[in-house]
Amino acid sequence: MNGEQLLTQAARTLREHTDIGWVALRDDVVAAAVRAFRPSAPVRGRLPGGELLVASAVLVSRVRSAVTEVPDAGALRITCTTTDDDELDRLTVELVALYGTPLVPLADEVRRAAAVTVAETLGLADAPVDRVRVDVSVQDVTPDPLLL
């Protein structure tokens, strides 16, 4: 048997084989492929003439820039979740804070900056403080302002 015949036989054997595990994992594999193709979920915004969709990566990037402007804080990780109809449901901001900074006022300032940025990015008239939860979590502190 030559190489081409071996390949043909191997392909035929694989086509005849049905792996029950594949059937169970098929939907997960397709979902992973879709996420790999479009890693940034859409977030629905409003315009005077209709709606717009903003990539969640864009929203996160804009919030990260806003948090950078808050003194004594640096963003470690920012994530957002959406509802089934792509409305922003929750924004989570994980921070590193400068040692000695009062954390509750810092979290309030970060929350406010994030809400204003979300409103601007999604074309909302007011900051969505009442509609969208902005969770702020201080994950670390540092005495070095250069590490923020």
# chains A, B, ... in the order shown; residues from 1 in each chain; ligands from 1
$ residues_around --residues "range 113-128 of chain A" --least-positions-apart "5" --cutoff "7 Å" --atoms "only C-alpha atoms" --output "list in words"
Gly45, Arg46, Leu47, Leu59, Arg62, Val63, Ala66 and Val67 of chain A
$ write_last_selection --atoms "C-alpha atoms" --output "short mmCIF file (atom, residue, chain, number, x, y, z; two decimals), in the first residue's frame"
data_model
loop_
_atom_site.label_atom_id
_atom_site.label_comp_id
_atom_site.auth_asym_id
_atom_site.auth_seq_id
_atom_site.Cartn_x
_atom_site.Cartn_y
_atom_site.Cartn_z
CA GLY A 45 -25.83 52.08 23.02
CA ARG A 46 -28.28 54.83 22.06
CA LEU A 47 -28.15 57.61 19.50
CA LEU A 59 -15.74 50.24 26.23
CA ARG A 62 -12.18 53.88 27.39
CA VAL A 63 -12.96 53.07 31.04
CA ALA A 66 -10.72 57.23 32.60
CA VAL A 67 -9.44 55.27 35.60
#
$ residues_around --residues "Thr82 in chain A" --least-positions-apart "2" --cutoff "10 Å" --atoms "only C-alpha atoms" --output "list of chain:residue names"
A:Ala41, A:Pro42, A:Val43, A:Arg44, A:Ser56, A:Cys80, A:Asp84, A:Asp85, A:Asp86, A:Glu87, A:Leu88, A:Asp89, A:Arg90, A:Leu91, A:Val132
$ write_last_selection --atoms "N, CA and C atoms" --output "compact mmCIF listing (two decimals), in the first residue's frame"
# COMPACT_ATOMS: atom_id res chain seq x y z
N ALA A 41 -17.58 41.08 22.81
CA ALA A 41 -19.04 41.07 22.69
C ALA A 41 -19.56 42.48 22.44
N PRO A 42 -20.68 42.62 21.74
CA PRO A 42 -21.25 43.94 21.52
C PRO A 42 -21.98 44.45 22.76
N VAL A 43 -21.97 45.77 22.91
CA VAL A 43 -22.72 46.44 23.97
C VAL A 43 -23.61 47.47 23.29
N ARG A 44 -24.89 47.42 23.58
CA ARG A 44 -25.87 48.28 22.92
C ARG A 44 -25.83 49.70 23.51
N SER A 56 -17.19 45.55 23.34
CA SER A 56 -16.88 45.63 24.77
C SER A 56 -15.42 45.97 25.00
N CYS A 80 -16.73 43.65 31.58
CA CYS A 80 -18.13 44.04 31.55
C CYS A 80 -18.96 42.84 31.13
N ASP A 84 -29.00 39.54 27.82
CA ASP A 84 -29.25 38.77 26.60
C ASP A 84 -29.48 39.67 25.39
N ASP A 85 -29.96 40.89 25.62
CA ASP A 85 -30.19 41.80 24.49
C ASP A 85 -29.07 42.83 24.35
N ASP A 86 -27.87 42.49 24.83
CA ASP A 86 -26.63 43.27 24.68
C ASP A 86 -26.61 44.59 25.44
N GLU A 87 -27.51 44.77 26.40
CA GLU A 87 -27.45 45.96 27.26
C GLU A 87 -26.36 45.72 28.31
N LEU A 88 -25.62 46.77 28.64
CA LEU A 88 -24.59 46.65 29.67
C LEU A 88 -25.25 46.38 31.01
N ASP A 89 -24.83 45.32 31.67
CA ASP A 89 -25.41 44.93 32.95
C ASP A 89 -24.49 45.29 34.11
N ARG A 90 -23.21 45.01 33.96
CA ARG A 90 -22.28 45.21 35.07
C ARG A 90 -20.89 45.51 34.52
N LEU A 91 -20.22 46.43 35.19
CA LEU A 91 -18.84 46.75 34.89
C LEU A 91 -18.05 46.48 36.15
N VAL A 132 -26.77 50.56 35.68
CA VAL A 132 -25.66 49.62 35.51
C VAL A 132 -24.84 49.60 36.79
$ select_by_dssp --residues "range 24-145 of chain A" --states "helix (DSSP H, G or I)" --output "ChimeraX atom specification"
/A:24-37,56-68,103-122,145
$ residues_around --residues "Ile78 in chain A" --least-positions-apart "3" --cutoff "10 Å" --atoms "only C-alpha atoms" --output "VMD selection string"
chain A and resid 57 59 to 61 63 to 64 67 75 91 to 95 135 to 136
$ select_by_dssp --residues "range 33-77 of chain A" --states "strand (DSSP E or B)" --output "VMD selection string"
chain A and resid 42 to 47 50 to 55 73 to 77
$ decode --residues "range 45-66 of chain A" --atoms "N, CA and C atoms" --output "mmCIF file, in the first residue's frame"
data_model
loop_
_atom_site.group_PDB
_atom_site.id
_atom_site.type_symbol
_atom_site.label_atom_id
_atom_site.label_comp_id
_atom_site.auth_asym_id
_atom_site.auth_seq_id
_atom_site.Cartn_x
_atom_site.Cartn_y
_atom_site.Cartn_z
ATOM 1 N N GLY A 45 -25.792 50.681 22.625
ATOM 2 C CA GLY A 45 -25.832 52.079 23.016
ATOM 3 C C GLY A 45 -27.002 52.777 22.346
ATOM 4 N N ARG A 46 -27.166 54.056 22.606
ATOM 5 C CA ARG A 46 -28.285 54.829 22.061
ATOM 6 C C ARG A 46 -27.758 56.065 21.333
ATOM 7 N N LEU A 47 -28.404 56.377 20.236
ATOM 8 C CA LEU A 47 -28.154 57.610 19.496
ATOM 9 C C LEU A 47 -29.486 58.304 19.290
ATOM 10 N N PRO A 48 -29.486 59.603 19.003
ATOM 11 C CA PRO A 48 -30.766 60.273 18.747
ATOM 12 C C PRO A 48 -31.564 59.600 17.629
ATOM 13 N N GLY A 49 -30.887 59.073 16.626
ATOM 14 C CA GLY A 49 -31.588 58.454 15.508
ATOM 15 C C GLY A 49 -31.728 56.948 15.609
ATOM 16 N N GLY A 50 -31.303 56.345 16.682
ATOM 17 C CA GLY A 50 -31.409 54.893 16.796
ATOM 18 C C GLY A 50 -30.420 54.327 17.792
ATOM 19 N N GLU A 51 -29.970 53.127 17.496
ATOM 20 C CA GLU A 51 -29.058 52.428 18.402
ATOM 21 C C GLU A 51 -27.713 52.227 17.726
ATOM 22 N N LEU A 52 -26.724 51.916 18.546
ATOM 23 C CA LEU A 52 -25.412 51.549 18.044
ATOM 24 C C LEU A 52 -24.884 50.404 18.884
ATOM 25 N N LEU A 53 -23.949 49.666 18.326
ATOM 26 C CA LEU A 53 -23.277 48.603 19.064
ATOM 27 C C LEU A 53 -21.815 48.985 19.201
ATOM 28 N N VAL A 54 -21.323 48.913 20.419
ATOM 29 C CA VAL A 54 -19.931 49.225 20.714
ATOM 30 C C VAL A 54 -19.272 47.937 21.180
ATOM 31 N N ALA A 55 -18.100 47.638 20.663
ATOM 32 C CA ALA A 55 -17.368 46.452 21.111
ATOM 33 C C ALA A 55 -17.006 46.612 22.582
ATOM 34 N N SER A 56 -17.185 45.550 23.337
ATOM 35 C CA SER A 56 -16.885 45.632 24.770
ATOM 36 C C SER A 56 -15.416 45.970 25.000
ATOM 37 N N ALA A 57 -14.530 45.556 24.088
ATOM 38 C CA ALA A 57 -13.110 45.894 24.224
ATOM 39 C C ALA A 57 -12.899 47.406 24.129
ATOM 40 N N VAL A 58 -13.689 48.076 23.297
ATOM 41 C CA VAL A 58 -13.606 49.534 23.179
ATOM 42 C C VAL A 58 -14.093 50.183 24.471
ATOM 43 N N LEU A 59 -15.206 49.696 24.983
ATOM 44 C CA LEU A 59 -15.744 50.236 26.232
ATOM 45 C C LEU A 59 -14.746 50.059 27.374
ATOM 46 N N VAL A 60 -14.170 48.888 27.480
ATOM 47 C CA VAL A 60 -13.183 48.610 28.533
ATOM 48 C C VAL A 60 -11.965 49.516 28.374
ATOM 49 N N SER A 61 -11.514 49.707 27.155
ATOM 50 C CA SER A 61 -10.360 50.570 26.903
ATOM 51 C C SER A 61 -10.631 52.016 27.314
ATOM 52 N N ARG A 62 -11.824 52.503 27.012
ATOM 53 C CA ARG A 62 -12.178 53.879 27.387
ATOM 54 C C ARG A 62 -12.288 54.019 28.904
ATOM 55 N N VAL A 63 -12.860 53.015 29.571
ATOM 56 C CA VAL A 63 -12.956 53.066 31.042
ATOM 57 C C VAL A 63 -11.555 53.006 31.647
ATOM 58 N N ARG A 64 -10.675 52.187 31.073
ATOM 59 C CA ARG A 64 -9.296 52.102 31.574
ATOM 60 C C ARG A 64 -8.617 53.481 31.488
ATOM 61 N N SER A 65 -8.823 54.187 30.390
ATOM 62 C CA SER A 65 -8.251 55.536 30.245
ATOM 63 C C SER A 65 -8.807 56.483 31.294
ATOM 64 N N ALA A 66 -10.096 56.371 31.586
ATOM 65 C CA ALA A 66 -10.721 57.227 32.601
ATOM 66 C C ALA A 66 -10.166 56.921 33.987
#
